>>> print(open('protein33.tsv').read())   # TSV, C-alpha atoms and all ligand atoms
chain	number	residue	atom	x	y	z
U	1	MET	CA	76.45	-65.63	-112.21
U	2	SER	CA	77.28	-61.94	-111.95
U	3	VAL	CA	80.34	-60.47	-110.25
U	4	LEU	CA	77.85	-58.72	-107.95
U	5	ASP	CA	76.98	-62.08	-106.39
U	6	LEU	CA	80.34	-61.75	-104.64
U	7	ALA	CA	79.30	-58.46	-102.98
U	8	ARG	CA	77.60	-57.98	-99.62
U	9	PRO	CA	73.87	-58.68	-100.18
U	10	GLU	CA	72.79	-56.02	-97.67
U	11	LEU	CA	74.64	-53.36	-99.69
U	12	ARG	CA	73.06	-54.40	-102.95
U	13	ALA	CA	69.63	-53.99	-101.34
U	14	MET	CA	70.52	-50.68	-99.61
U	15	ALA	CA	68.94	-47.47	-100.89
U	16	PRO	CA	71.90	-45.13	-101.58
U	17	TYR	CA	72.05	-41.63	-100.12
U	18	SER	CA	70.58	-39.22	-102.62
U	19	SER	CA	72.20	-35.78	-102.55
U	20	ALA	CA	70.60	-32.49	-103.52
U	21	ARG	CA	72.91	-32.29	-106.50
U	22	MET	CA	71.93	-35.74	-107.73
U	23	GLU	CA	68.23	-34.85	-107.51
U	24	ALA	CA	68.59	-31.40	-109.08
U	25	GLY	CA	66.94	-30.59	-112.38
U	26	THR	CA	68.16	-27.74	-114.56
U	27	GLY	CA	67.71	-24.05	-113.73
U	28	GLU	CA	69.46	-20.79	-112.93
U	29	ILE	CA	68.55	-20.22	-109.30
U	30	TRP	CA	70.01	-22.79	-106.99
U	31	LEU	CA	68.06	-22.89	-103.74
U	32	ASN	CA	68.01	-26.62	-103.17
U	33	ALA	CA	71.05	-27.36	-101.06
U	34	ASN	CA	71.32	-24.65	-98.38
U	35	GLU	CA	74.37	-23.18	-100.10
U	36	SER	CA	75.49	-19.56	-99.99
U	37	PRO	CA	74.54	-17.63	-103.11
U	38	TRP	CA	77.87	-15.74	-103.02
U	39	ASN	CA	81.16	-17.05	-104.14
U	40	PRO	CA	83.86	-15.96	-101.66
U	41	LEU	CA	86.78	-16.53	-104.01
U	42	ALA	CA	87.76	-14.80	-107.20
U	43	SER	CA	87.78	-18.01	-109.18
U	44	GLY	CA	85.95	-21.33	-109.10
U	45	ARG	CA	82.40	-21.87	-107.93
U	46	VAL	CA	83.08	-23.11	-104.42
U	47	ASN	CA	79.81	-21.87	-102.94
U	48	ARG	CA	78.13	-24.82	-104.70
U	49	TYR	CA	78.58	-28.48	-103.86
U	50	PRO	CA	80.75	-30.09	-106.50
U	51	ASP	CA	79.54	-32.62	-109.02
U	52	PRO	CA	80.03	-36.02	-107.29
U	53	GLN	CA	81.64	-37.46	-110.44
U	54	PRO	CA	82.27	-34.51	-112.80
U	55	ALA	CA	81.76	-35.43	-116.45
U	56	PRO	CA	84.73	-33.38	-117.77
U	57	LEU	CA	87.12	-35.12	-115.36
U	58	LEU	CA	85.60	-38.54	-116.13
U	59	ALA	CA	86.15	-37.79	-119.82
U	60	ALA	CA	89.74	-36.64	-119.27
U	61	LEU	CA	90.63	-39.70	-117.18
U	62	ALA	CA	88.83	-42.05	-119.58
U	63	HIS	CA	90.94	-40.56	-122.38
U	64	LEU	CA	94.14	-40.81	-120.32
U	65	TYR	CA	93.56	-44.48	-119.43
U	66	ALA	CA	91.88	-45.46	-122.74
U	67	VAL	CA	88.71	-46.71	-121.05
U	68	ARG	CA	85.01	-45.70	-121.03
U	69	PRO	CA	83.78	-43.15	-118.43
U	70	GLU	CA	81.29	-45.68	-117.00
U	71	GLN	CA	84.26	-47.88	-116.06
U	72	LEU	CA	85.66	-45.16	-113.77
U	73	LEU	CA	85.14	-44.22	-110.17
U	74	ILE	CA	87.05	-41.06	-109.28
U	75	GLY	CA	88.07	-40.98	-105.63
U	76	ARG	CA	90.11	-38.98	-103.13
U	77	GLY	CA	93.30	-40.66	-104.23
U	78	SER	CA	93.28	-44.36	-104.97
U	79	ASP	CA	93.11	-44.90	-101.21
U	80	GLU	CA	89.39	-44.20	-101.35
U	81	PRO	CA	88.57	-46.88	-103.96
U	82	ILE	CA	90.59	-49.37	-101.85
U	83	ASP	CA	88.36	-48.52	-98.90
U	84	LEU	CA	85.15	-48.65	-100.96
U	85	LEU	CA	86.05	-51.99	-102.57
U	86	THR	CA	86.77	-53.49	-99.15
U	87	ARG	CA	83.52	-52.24	-97.68
U	88	ALA	CA	81.50	-53.33	-100.71
U	89	PHE	CA	82.90	-56.84	-101.04
U	90	CYS	CA	84.06	-58.00	-97.59
U	91	ARG	CA	81.60	-59.09	-94.91
U	92	ALA	CA	82.91	-58.20	-91.45
U	93	GLY	CA	84.14	-61.19	-89.49
U	94	VAL	CA	83.68	-63.53	-92.45
U	95	ASP	CA	85.51	-62.54	-95.62
U	96	SER	CA	89.20	-62.03	-96.29
U	97	VAL	CA	91.55	-60.12	-98.55
U	98	LEU	CA	94.89	-61.48	-99.71
U	99	VAL	CA	98.05	-59.37	-99.80
U	100	CYS	CA	101.66	-60.14	-100.75
U	101	PRO	CA	103.97	-58.35	-98.31
U	102	PRO	CA	106.22	-56.43	-98.38
U	103	THR	CA	103.63	-54.22	-100.09
U	104	PHE	CA	101.48	-51.10	-99.67
U	105	GLY	CA	99.99	-50.97	-96.18
U	106	MET	CA	96.57	-49.54	-97.02
U	107	TYR	CA	95.16	-52.87	-98.27
U	108	ALA	CA	95.47	-54.43	-94.82
U	109	VAL	CA	94.41	-51.21	-93.05
U	110	ALA	CA	91.18	-51.04	-95.06
U	111	ALA	CA	90.54	-54.73	-94.36
U	112	ASN	CA	91.13	-54.25	-90.64
U	113	VAL	CA	88.74	-51.29	-90.54
U	114	GLN	CA	86.09	-53.40	-92.22
U	115	GLY	CA	86.71	-56.39	-89.92
U	116	ALA	CA	87.89	-58.55	-92.81
U	117	ARG	CA	90.66	-61.10	-92.36
U	118	VAL	CA	94.02	-60.53	-94.06
U	119	LEU	CA	95.71	-63.52	-95.72
U	120	GLN	CA	99.40	-63.11	-96.54
U	121	VAL	CA	101.49	-64.70	-99.27
U	122	PRO	CA	104.90	-63.09	-98.72
U	123	LEU	CA	107.06	-62.10	-101.68
U	124	ARG	CA	110.40	-63.83	-101.26
U	125	ALA	CA	113.62	-61.80	-101.25
U	126	GLU	CA	115.54	-64.77	-102.65
U	127	HIS	CA	113.20	-64.71	-105.68
U	128	GLY	CA	113.65	-60.99	-106.25
U	129	PHE	CA	110.24	-60.35	-104.62
U	130	ARG	CA	108.61	-61.86	-107.72
U	131	PHE	CA	104.77	-62.02	-107.57
U	132	ASP	CA	103.83	-65.73	-107.29
U	133	ALA	CA	100.38	-66.29	-108.83
U	134	ASP	CA	100.40	-70.03	-108.04
U	135	ALA	CA	101.11	-69.40	-104.37
U	136	VAL	CA	98.30	-66.81	-104.33
U	137	LEU	CA	95.83	-69.27	-105.85
U	138	ALA	CA	96.83	-71.94	-103.35
U	139	ALA	CA	96.20	-69.54	-100.43
U	140	VAL	CA	92.84	-68.12	-101.55
U	141	ASP	CA	89.94	-69.64	-99.61
U	142	ALA	CA	86.18	-69.75	-100.12
U	143	ASP	CA	85.71	-66.43	-98.30
U	144	THR	CA	88.50	-64.47	-100.01
U	145	ARG	CA	86.90	-61.58	-101.83
U	146	ILE	CA	89.83	-59.41	-102.89
U	147	VAL	CA	93.37	-60.29	-104.01
U	148	TYR	CA	95.76	-57.34	-104.30
U	149	ALA	CA	98.65	-57.15	-106.75
U	150	CYS	CA	100.75	-53.99	-106.68
U	151	THR	CA	102.79	-53.43	-109.87
U	152	PRO	CA	105.34	-51.89	-109.73
U	153	ASN	CA	105.25	-52.94	-106.10
U	154	ASN	CA	105.76	-50.48	-103.27
U	155	PRO	CA	108.28	-50.70	-101.55
U	156	THR	CA	110.28	-53.26	-103.59
U	157	GLY	CA	109.97	-51.49	-106.98
U	158	ASN	CA	109.64	-54.59	-109.18
U	159	ALA	CA	106.80	-54.97	-111.70
U	160	THR	CA	104.76	-58.01	-112.73
U	161	ALA	CA	104.11	-58.92	-116.36
U	162	PRO	CA	100.48	-58.08	-117.25
U	163	GLN	CA	99.84	-61.56	-118.69
U	164	ILE	CA	100.52	-63.17	-115.30
U	165	LEU	CA	97.91	-60.92	-113.71
U	166	LEU	CA	95.37	-61.43	-116.51
U	167	ASP	CA	95.73	-65.22	-116.15
U	168	LEU	CA	95.30	-64.90	-112.38
U	169	ALA	CA	92.15	-62.80	-112.85
U	170	GLU	CA	90.72	-65.52	-115.12
U	171	ARG	CA	91.50	-68.20	-112.55
U	172	LEU	CA	89.90	-66.13	-109.76
U	173	HIS	CA	86.82	-65.40	-111.86
U	174	GLN	CA	83.53	-65.85	-109.93
U	175	ARG	CA	85.55	-66.29	-106.74
U	176	ALA	CA	87.34	-63.04	-105.92
U	177	LEU	CA	88.28	-59.64	-107.34
U	178	LEU	CA	91.84	-59.13	-108.50
U	179	VAL	CA	92.72	-55.51	-107.71
U	180	VAL	CA	95.85	-54.43	-109.60
U	181	ASP	CA	97.33	-51.28	-108.05
U	182	GLU	CA	99.23	-49.38	-110.74
U	183	ALA	CA	100.16	-46.30	-108.71
U	184	TYR	CA	103.64	-46.28	-110.31
U	185	ILE	CA	102.92	-47.80	-113.73
U	186	GLU	CA	103.90	-44.59	-115.60
U	187	PHE	CA	107.51	-45.17	-114.52
U	188	SER	CA	107.53	-48.79	-115.66
U	189	SER	CA	108.41	-50.43	-118.95
U	190	GLN	CA	105.47	-52.80	-118.43
U	191	PRO	CA	102.17	-51.72	-120.04
U	192	SER	CA	99.11	-50.88	-117.94
U	193	LEU	CA	96.26	-53.35	-117.54
U	194	ALA	CA	93.75	-50.47	-117.52
U	195	SER	CA	92.25	-51.41	-120.89
U	196	CYS	CA	91.58	-54.95	-119.57
U	197	ALA	CA	89.79	-53.78	-116.39
U	198	GLY	CA	86.32	-55.34	-116.26
U	199	ASN	CA	87.34	-58.06	-118.68
U	200	PRO	CA	87.10	-60.48	-116.92
U	201	ASP	CA	84.59	-58.68	-114.71
U	202	ASN	CA	86.55	-59.37	-111.49
U	203	LEU	CA	89.61	-57.44	-112.72
U	204	VAL	CA	89.93	-53.97	-111.17
U	205	VAL	CA	92.80	-51.55	-111.87
U	206	LEU	CA	93.74	-48.63	-109.60
U	207	ARG	CA	95.42	-45.52	-110.99
U	208	THR	CA	96.31	-42.22	-109.36
U	209	LEU	CA	97.39	-38.69	-110.23
U	210	SER	CA	99.43	-38.57	-107.00
U	211	LYS	CA	102.74	-39.88	-108.33
U	212	ALA	CA	103.63	-39.40	-112.01
U	213	HIS	CA	101.23	-36.46	-112.42
U	214	GLY	CA	102.57	-34.69	-109.34
U	215	LEU	CA	99.18	-34.11	-107.71
U	216	ALA	CA	99.53	-35.87	-104.36
U	217	GLY	CA	98.13	-32.81	-102.59
U	218	VAL	CA	95.06	-32.75	-104.82
U	219	ARG	CA	93.93	-36.30	-103.88
U	220	ILE	CA	92.57	-37.66	-107.17
U	221	GLY	CA	92.72	-41.35	-108.04
U	222	ALA	CA	90.53	-43.82	-109.85
U	223	ALA	CA	89.25	-47.37	-109.86
U	224	ILE	CA	88.76	-48.82	-113.34
U	225	ALA	CA	86.38	-51.76	-113.38
U	226	ALA	CA	83.29	-53.33	-114.91
U	227	PRO	CA	80.43	-50.76	-114.97
U	228	THR	CA	78.42	-52.99	-112.56
U	229	VAL	CA	81.23	-52.77	-110.00
U	230	ILE	CA	81.57	-49.01	-110.51
U	231	ASP	CA	77.79	-48.60	-109.97
U	232	LEU	CA	78.02	-50.44	-106.67
U	233	LEU	CA	80.96	-48.31	-105.48
U	234	ARG	CA	79.14	-45.10	-106.44
U	235	ARG	CA	76.21	-46.22	-104.28
U	236	ILE	CA	78.36	-46.33	-101.14
U	237	MET	CA	80.77	-43.43	-101.73
U	238	ALA	CA	80.55	-40.13	-99.84
U	239	PRO	CA	77.99	-37.74	-101.40
U	240	TYR	CA	80.46	-35.10	-102.66
U	241	PRO	CA	83.90	-36.67	-102.37
U	242	LEU	CA	85.86	-34.39	-104.70
U	243	PRO	CA	86.50	-30.74	-103.73
U	244	GLU	CA	85.92	-28.27	-106.59
U	245	PRO	CA	89.49	-26.79	-106.46
U	246	CYS	CA	90.81	-30.33	-106.78
U	247	ILE	CA	88.60	-31.06	-109.79
U	248	ASP	CA	89.93	-27.85	-111.38
U	249	ALA	CA	93.54	-28.69	-110.59
U	250	ALA	CA	93.19	-32.20	-112.02
U	251	LEU	CA	91.60	-30.89	-115.23
U	252	ARG	CA	94.43	-28.38	-115.66
U	253	ALA	CA	97.03	-31.09	-115.06
U	254	LEU	CA	95.43	-33.23	-117.77
U	255	SER	CA	95.46	-30.57	-120.49
U	256	ALA	CA	97.58	-31.40	-123.53
U	257	ASP	CA	100.27	-28.85	-122.58
U	258	ALA	CA	100.52	-30.09	-119.00
U	259	ARG	CA	100.68	-33.70	-120.15
U	260	ARG	CA	103.67	-32.93	-122.37
U	261	ILE	CA	105.48	-31.56	-119.33
U	262	THR	CA	104.39	-34.60	-117.27
U	263	ASP	CA	105.81	-36.93	-119.92
U	264	GLU	CA	109.14	-35.09	-119.85
U	265	ARG	CA	109.24	-35.31	-116.07
U	266	ILE	CA	108.49	-39.04	-116.13
U	267	ALA	CA	111.37	-39.52	-118.59
U	268	SER	CA	113.64	-37.50	-116.31
U	269	ILE	CA	112.69	-39.57	-113.24
U	270	ARG	CA	113.35	-42.79	-115.16
U	271	ALA	CA	116.78	-41.58	-116.31
U	272	GLU	CA	117.65	-40.36	-112.83
U	273	ARG	CA	116.52	-43.67	-111.33
U	274	GLU	CA	119.06	-45.52	-113.47
U	275	ARG	CA	121.81	-42.97	-112.73
U	276	MET	CA	121.08	-43.26	-108.99
U	277	ARG	CA	120.96	-47.04	-109.12
U	278	THR	CA	124.49	-47.14	-110.53
U	279	ALA	CA	125.85	-44.36	-108.32
U	280	LEU	CA	124.34	-45.72	-105.08
U	281	ALA	CA	125.72	-49.19	-105.79
U	282	CYS	CA	129.21	-47.61	-105.57
U	283	CYS	CA	128.60	-45.83	-102.24
U	284	ALA	CA	130.35	-47.13	-99.13
U	285	GLY	CA	128.07	-49.26	-96.96
U	286	VAL	CA	125.61	-50.07	-99.73
U	287	ARG	CA	124.98	-53.80	-99.99
U	288	ALA	CA	122.57	-53.78	-102.90
U	289	VAL	CA	120.20	-51.55	-104.84
U	290	LEU	CA	117.04	-53.39	-105.85
U	291	PRO	CA	116.07	-53.04	-109.51
U	292	SER	CA	113.09	-50.68	-109.75
U	293	GLU	CA	110.40	-49.81	-112.28
U	294	ALA	CA	109.01	-47.08	-110.02
U	295	ASN	CA	110.09	-43.61	-108.88
U	296	PHE	CA	112.02	-44.91	-105.87
U	297	LEU	CA	114.81	-47.32	-105.04
U	298	ALA	CA	115.00	-49.79	-102.17
U	299	VAL	CA	118.63	-49.75	-101.05
U	300	ARG	CA	120.19	-52.30	-98.67
U	301	PHE	CA	122.85	-50.94	-96.29
U	302	ASP	CA	125.33	-52.53	-93.89
U	303	ASP	CA	124.07	-50.12	-91.25
U	304	PRO	CA	120.70	-48.64	-92.34
U	305	VAL	CA	120.11	-46.79	-89.04
U	306	ARG	CA	123.42	-44.95	-89.34
U	307	ARG	CA	122.83	-44.14	-93.03
U	308	TYR	CA	119.32	-42.90	-92.27
U	309	ALA	CA	120.80	-40.53	-89.64
U	310	GLN	CA	123.55	-39.49	-92.06
U	311	LEU	CA	120.93	-38.55	-94.67
U	312	ALA	CA	118.76	-36.82	-92.06
U	313	GLY	CA	121.81	-34.80	-90.94
U	314	ALA	CA	122.09	-33.52	-94.50
U	315	GLY	CA	118.39	-32.65	-94.50
U	316	VAL	CA	117.37	-35.62	-96.66
U	317	ILE	CA	114.31	-37.53	-95.48
U	318	VAL	CA	113.91	-41.09	-96.76
U	319	ARG	CA	111.74	-43.99	-95.65
U	320	GLN	CA	112.96	-46.72	-93.31
U	321	LEU	CA	111.79	-50.21	-94.27
U	322	MET	CA	112.68	-51.88	-90.97
U	323	LYS	CA	109.15	-53.19	-90.38
U	324	TYR	CA	109.07	-55.01	-93.73
U	325	PRO	CA	110.18	-58.63	-93.66
U	326	GLY	CA	113.01	-59.20	-96.13
U	327	LEU	CA	113.84	-55.47	-96.20
U	328	ARG	CA	114.96	-54.79	-92.63
U	329	ASP	CA	118.35	-53.52	-93.87
U	330	ALA	CA	116.83	-51.24	-96.52
U	331	LEU	CA	115.88	-47.60	-96.98
U	332	ARG	CA	113.43	-46.47	-99.64
U	333	ILE	CA	114.76	-43.44	-101.47
U	334	SER	CA	112.39	-41.57	-103.79
U	335	ILE	CA	113.86	-40.19	-107.00
U	336	GLY	CA	113.80	-36.39	-106.89
U	337	SER	CA	115.21	-33.64	-109.07
U	338	VAL	CA	118.82	-33.91	-110.25
U	339	ASP	CA	119.92	-31.56	-107.43
U	340	GLU	CA	118.01	-33.49	-104.77
U	341	ASN	CA	119.45	-36.77	-106.00
U	342	ASN	CA	122.96	-35.32	-105.93
U	343	ALA	CA	122.35	-34.27	-102.31
U	344	VAL	CA	121.60	-37.92	-101.48
U	345	LEU	CA	124.83	-39.05	-103.12
U	346	ARG	CA	126.88	-36.35	-101.37
U	347	ALA	CA	125.36	-37.24	-97.98
U	348	LEU	CA	126.33	-40.87	-98.52
U	349	GLY	CA	129.85	-39.87	-99.47
U	350	ALA	CA	129.75	-40.74	-103.17
U	351	SER	CA	132.75	-39.60	-105.17
U	352	GLU	CA	132.53	-36.11	-106.69
U	353	GLU	CA	132.17	-37.25	-110.28
U	354	THR	CA	129.05	-39.42	-109.63
U	355	ALA	CA	127.46	-36.77	-107.44
S	401	LIG	C1	101.01	-43.81	-103.28
S	401	LIG	C2	100.28	-45.09	-103.49
S	401	LIG	C3	98.91	-45.15	-103.76
S	401	LIG	C4	98.02	-44.03	-103.81
S	401	LIG	O1	97.82	-43.09	-103.24
S	401	LIG	P1	96.72	-41.96	-103.48
S	401	LIG	O2	97.48	-40.73	-103.26
S	401	LIG	O3	95.67	-42.26	-102.48
S	401	LIG	O4	96.22	-42.11	-104.88
S	401	LIG	C5	98.31	-46.35	-104.02
S	401	LIG	N1	99.02	-47.47	-104.03
S	401	LIG	C6	100.33	-47.47	-103.79
S	401	LIG	C7	101.06	-48.73	-103.86
S	401	LIG	C8	101.00	-46.29	-103.51
S	401	LIG	O5	102.31	-46.32	-103.24
>>> encode(input="protein33.tsv", output="structure tokens", more="lines below")
Ligand SMILES: *Cc1c(COP(=O)(O)O)cnc(C)c1O
Amino acid sequence: MSVLDLARPELRAMAPYSSARMEAGTGEIWLNANESPWNPLASGRVNRYPDPQPAPLLAALAHLYAVRPEQLLIGRGSDEPIDLLTRAFCRAGVDSVLVCPPTFGMYAVAANVQGARVLQVPLRAEHGFRFDADAVLAAVDADTRIVYACTPNNPTGNATAPQILLDLAERLHQRALLVVDEAYIEFSSQPSLASCAGNPDNLVVLRTLSKAHGLAGVRIGAAIAAPTVIDLLRRIMAPYPLPEPCIDAALRALSADARRITDERIASIRAERERMRTALACCAGVRAVLPSEANFLAVRFDDPVRRYAQLAGAGVIVRQLMKYPGLRDALRISIGSVDENNAVLRALGASEETA
């Protein structure tokens, strides 16, 4: 049995859209795609459609994640691979995905758009929001096609040991994909599962340049999976998903010099996270600061609405977590620069020496 037997049969049989760029041979005069021959900008070649999956960016990401280029699908953020995986594997009205709330909302949104059911195995506050692989296995049914595990989890911040997820992937083998979303893994002390993606063949890892690499506005993310899964996703993706200026920006951000700066910034965020965790715990009205392996802290307050307004009054925008079960009293505060973090502490009335 192949992992593709889990996918929608009608998609496997579908002839994919074939773009002009994909059909192009080699040559100097490009008259095959109704493009303008003139480039309106001083730099870049934006009069041409971009390469759907540019080889230099595939190579740079493969190097970054220590995988092979044929294991990568580059998307507009990792949101796009979530959407493509859902559409490729979930039959409308029949199949389901499984999520562990409180977690990232896009998994359920993509499932709803596709008409897939959403099974929920809530993370329990009294267990520190620990990912419960046994509870997940007990809840999976015959039509569950995708199980999501977010590590470190948004919005709780806790990470799951890779071995727990590898074991779960083995136990779901030939039944469902395990999609491990590692949007914040660079900030964690846990190692990435990227090098295990595709082994077993139902294990998919999502990575993004939006968080640690500071490129949220550029919209570049990746699915790392077995080459057969990547082939299927490439068949159903948009013809030219990645804008040329974004490809350029991502390549520049992945140069050796830029990566040194990125590493320093990740170290700074991690140090600031620990400083903020201690300092926030001492602020009036703070009930608890959840331990975090990400670039944010979930903070429980006696009066979260008032504290949210207090921060807003000081010009600090944070995220309310009221709609998340188990986190109704919490705000999610991203870790910023030292100055930004100090502004948070001042707004919450921390003593002068901690702020
Ligand atoms: C931010 C985030 C993403 C990714 O976003 P993109 O910008 O689309 O790459 C994915 N998963 C989680 C849990 C996130 O918080």
>>> residues_near_ligand(input="protein33.tsv", ligand="ligand LIG 401 (chain S)", cutoff="7 Å", atoms="all atoms listed in the file", output="NGL selection string")
:U and (76-80 or 104 or 150 or 153-154 or 181-183 or 208-211 or 216 or 219-221)
>>> closest_residue(input="protein33.tsv", among="U:Leu321, U:Val344, U:Leu297, U:Ala7", to="Pro101 of chain U", atoms="all atoms listed in the file")
U:Leu321
>>> closest_residue(input="protein33.tsv", among="U:Ala142, U:Ala159, U:Ile74, U:Ala24", to="Ala62 of chain U", atoms="only C-alpha atoms")
U:Ile74
>>> residues_near_point(input="protein33.tsv", point="(74.2, -58.6, -105.5)", cutoff="12 Å", atoms="all atoms listed in the file", output="PyMOL selection string")
chain U and resi 1-14+88-89+228-229+231-232
>>> write_last_selection(input="protein33.tsv", atoms="C-alpha atoms", output="PDB file, keeping the file's coordinate frame")
ATOM      1  CA  MET U   1      76.450 -65.630-112.210  1.00  0.00           C
ATOM      2  CA  SER U   2      77.280 -61.940-111.950  1.00  0.00           C
ATOM      3  CA  VAL U   3      80.340 -60.470-110.250  1.00  0.00           C
ATOM      4  CA  LEU U   4      77.850 -58.720-107.950  1.00  0.00           C
ATOM      5  CA  ASP U   5      76.980 -62.080-106.390  1.00  0.00           C
ATOM      6  CA  LEU U   6      80.340 -61.750-104.640  1.00  0.00           C
ATOM      7  CA  ALA U   7      79.300 -58.460-102.980  1.00  0.00           C
ATOM      8  CA  ARG U   8      77.600 -57.980 -99.620  1.00  0.00           C
ATOM      9  CA  PRO U   9      73.870 -58.680-100.180  1.00  0.00           C
ATOM     10  CA  GLU U  10      72.790 -56.020 -97.670  1.00  0.00           C
ATOM     11  CA  LEU U  11      74.640 -53.360 -99.690  1.00  0.00           C
ATOM     12  CA  ARG U  12      73.060 -54.400-102.950  1.00  0.00           C
ATOM     13  CA  ALA U  13      69.630 -53.990-101.340  1.00  0.00           C
ATOM     14  CA  MET U  14      70.520 -50.680 -99.610  1.00  0.00           C
ATOM     15  CA  ALA U  88      81.500 -53.330-100.710  1.00  0.00           C
ATOM     16  CA  PHE U  89      82.900 -56.840-101.040  1.00  0.00           C
ATOM     17  CA  THR U 228      78.420 -52.990-112.560  1.00  0.00           C
ATOM     18  CA  VAL U 229      81.230 -52.770-110.000  1.00  0.00           C
ATOM     19  CA  ASP U 231      77.790 -48.600-109.970  1.00  0.00           C
ATOM     20  CA  LEU U 232      78.020 -50.440-106.670  1.00  0.00           C
TER      21      LEU U 232
END
>>> closest_residue(input="protein33.tsv", among="U:Ser19, U:Asn295, U:Asn47, U:Thr262", to="Arg235 of chain U", atoms="all atoms listed in the file")
U:Ser19
>>> atom_distance(input="protein33.tsv", atom1="atom CA of Ser188 of chain U", atom2="atom CA of Gln53 of chain U")
28.7 Å
>>> atom_distance(input="protein33.tsv", atom1="atom CA of Pro16 of chain U", atom2="atom CA of Ala222 of chain U")
20.4 Å
>>> atom_distance(input="protein33.tsv", atom1="atom CA of Leu61 of chain U", atom2="atom CA of Ser189 of chain U")
20.8 Å
>>> closest_residue(input="protein33.tsv", among="U:Leu57, U:Glu293, U:Arg277, U:Thr86", to="Thr160 of chain U", atoms="all atoms listed in the file")
U:Glu293
>>> residues_near_point(input="protein33.tsv", point="(117.5, -42.6, -114.0)", cutoff="12 Å", atoms="all atoms listed in the file", output="PyMOL selection string")
chain U and resi 187-188+265-280+291-297+334-338+341
>>> closest_atom_pairs(input="protein33.tsv", of="segment 192-232 of chain U", to="segment 64-71 of chain U", cutoff="10 Å", atoms="all atoms listed in the file", output="CSV")
residue,atom,partner,partner_atom,distance
U:Ser192,CA,U:Tyr65,CA,8.6
U:Leu193,CA,U:Tyr65,CA,9.5
U:Ala194,CA,U:Tyr65,CA,6.3
U:Ser195,CA,U:Val67,CA,5.9
U:Cys196,CA,U:Val67,CA,8.9
U:Ala197,CA,U:Gln71,CA,8.1
U:Gly198,CA,U:Gln71,CA,7.7
U:Val204,CA,U:Gln71,CA,9.7
U:Arg207,CA,U:Tyr65,CA,8.7
U:Ala222,CA,U:Gln71,CA,9.7
U:Ala223,CA,U:Gln71,CA,8.0
U:Ile224,CA,U:Gln71,CA,5.3
U:Ala225,CA,U:Gln71,CA,5.2
U:Ala226,CA,U:Gln71,CA,5.7
U:Pro227,CA,U:Gln71,CA,4.9
U:Thr228,CA,U:Gln71,CA,8.5
U:Val229,CA,U:Gln71,CA,8.4
U:Ile230,CA,U:Gln71,CA,6.3
U:Asp231,CA,U:Glu70,CA,8.4
>>> closest_residue(input="protein33.tsv", among="U:Glu340, U:Asp257, U:Asp167, U:Glu244", to="Asp51 of chain U", atoms="all atoms listed in the file")
U:Glu244
>>> axis_aligned_box(input="protein33.tsv", around="segment 5-22 of chain U", padding_each_side="3 Å", output="AutoDock Vina command-line options")
--center_x 74.6 --center_y -47.2 --center_z -102.7 --size_x 17.4 --size_y 35.8 --size_z 16.1
>>> residues_around(input="protein33.tsv", residues="Pro52 of chain U", least_positions_apart="3", cutoff="9 Å", atoms="all atoms listed in the file", output="ChimeraX atom specification")
/U:21-22,49,74,238-242
>>> write_last_selection(input="protein33.tsv", atoms="C-alpha atoms", output="short mmCIF file (atom, residue, chain, number, x, y, z; two decimals), keeping the file's coordinate frame")
data_model
loop_
_atom_site.label_atom_id
_atom_site.label_comp_id
_atom_site.auth_asym_id
_atom_site.auth_seq_id
_atom_site.Cartn_x
_atom_site.Cartn_y
_atom_site.Cartn_z
CA ARG U 21 72.91 -32.29 -106.50
CA MET U 22 71.93 -35.74 -107.73
CA TYR U 49 78.58 -28.48 -103.86
CA ILE U 74 87.05 -41.06 -109.28
CA ALA U 238 80.55 -40.13 -99.84
CA PRO U 239 77.99 -37.74 -101.40
CA TYR U 240 80.46 -35.10 -102.66
CA PRO U 241 83.90 -36.67 -102.37
CA LEU U 242 85.86 -34.39 -104.70
#
>>> residues_around(input="protein33.tsv", residues="Arg48 of chain U", least_positions_apart="2", cutoff="9 Å", atoms="only C-alpha atoms", output="JSON, numbers by chain")
{"U": [30, 33, 35, 36, 37, 39, 45, 46, 50, 244]}
>>> write_last_selection(input="protein33.tsv", atoms="C-alpha atoms", output="CSV table (one decimal), in the frame of the given file")
chain,number,residue,atom,x,y,z
U,30,TRP,CA,70.0,-22.8,-107.0
U,33,ALA,CA,71.0,-27.4,-101.1
U,35,GLU,CA,74.4,-23.2,-100.1
U,36,SER,CA,75.5,-19.6,-100.0
U,37,PRO,CA,74.5,-17.6,-103.1
U,39,ASN,CA,81.2,-17.0,-104.1
U,45,ARG,CA,82.4,-21.9,-107.9
U,46,VAL,CA,83.1,-23.1,-104.4
U,50,PRO,CA,80.8,-30.1,-106.5
U,244,GLU,CA,85.9,-28.3,-106.6
>>> residues_around(input="protein33.tsv", residues="Ala288 of chain U", least_positions_apart="6", cutoff="7 Å", atoms="all atoms listed in the file", output="list in words")
Ala281, Val299 and Arg300 of chain U
>>> write_last_selection(input="protein33.tsv", atoms="C-alpha atoms", output="mmCIF file, keeping the file's coordinate frame")
data_model
loop_
_atom_site.group_PDB
_atom_site.id
_atom_site.type_symbol
_atom_site.label_atom_id
_atom_site.label_comp_id
_atom_site.auth_asym_id
_atom_site.auth_seq_id
_atom_site.Cartn_x
_atom_site.Cartn_y
_atom_site.Cartn_z
ATOM 1 C CA ALA U 281 125.720 -49.190 -105.790
ATOM 2 C CA VAL U 299 118.630 -49.750 -101.050
ATOM 3 C CA ARG U 300 120.190 -52.300 -98.670
#
>>> closest_residue(input="protein33.tsv", among="U:Leu119, U:Val113, U:Leu168, U:Val180", to="Ala149 of chain U", atoms="all atoms listed in the file")
U:Val180
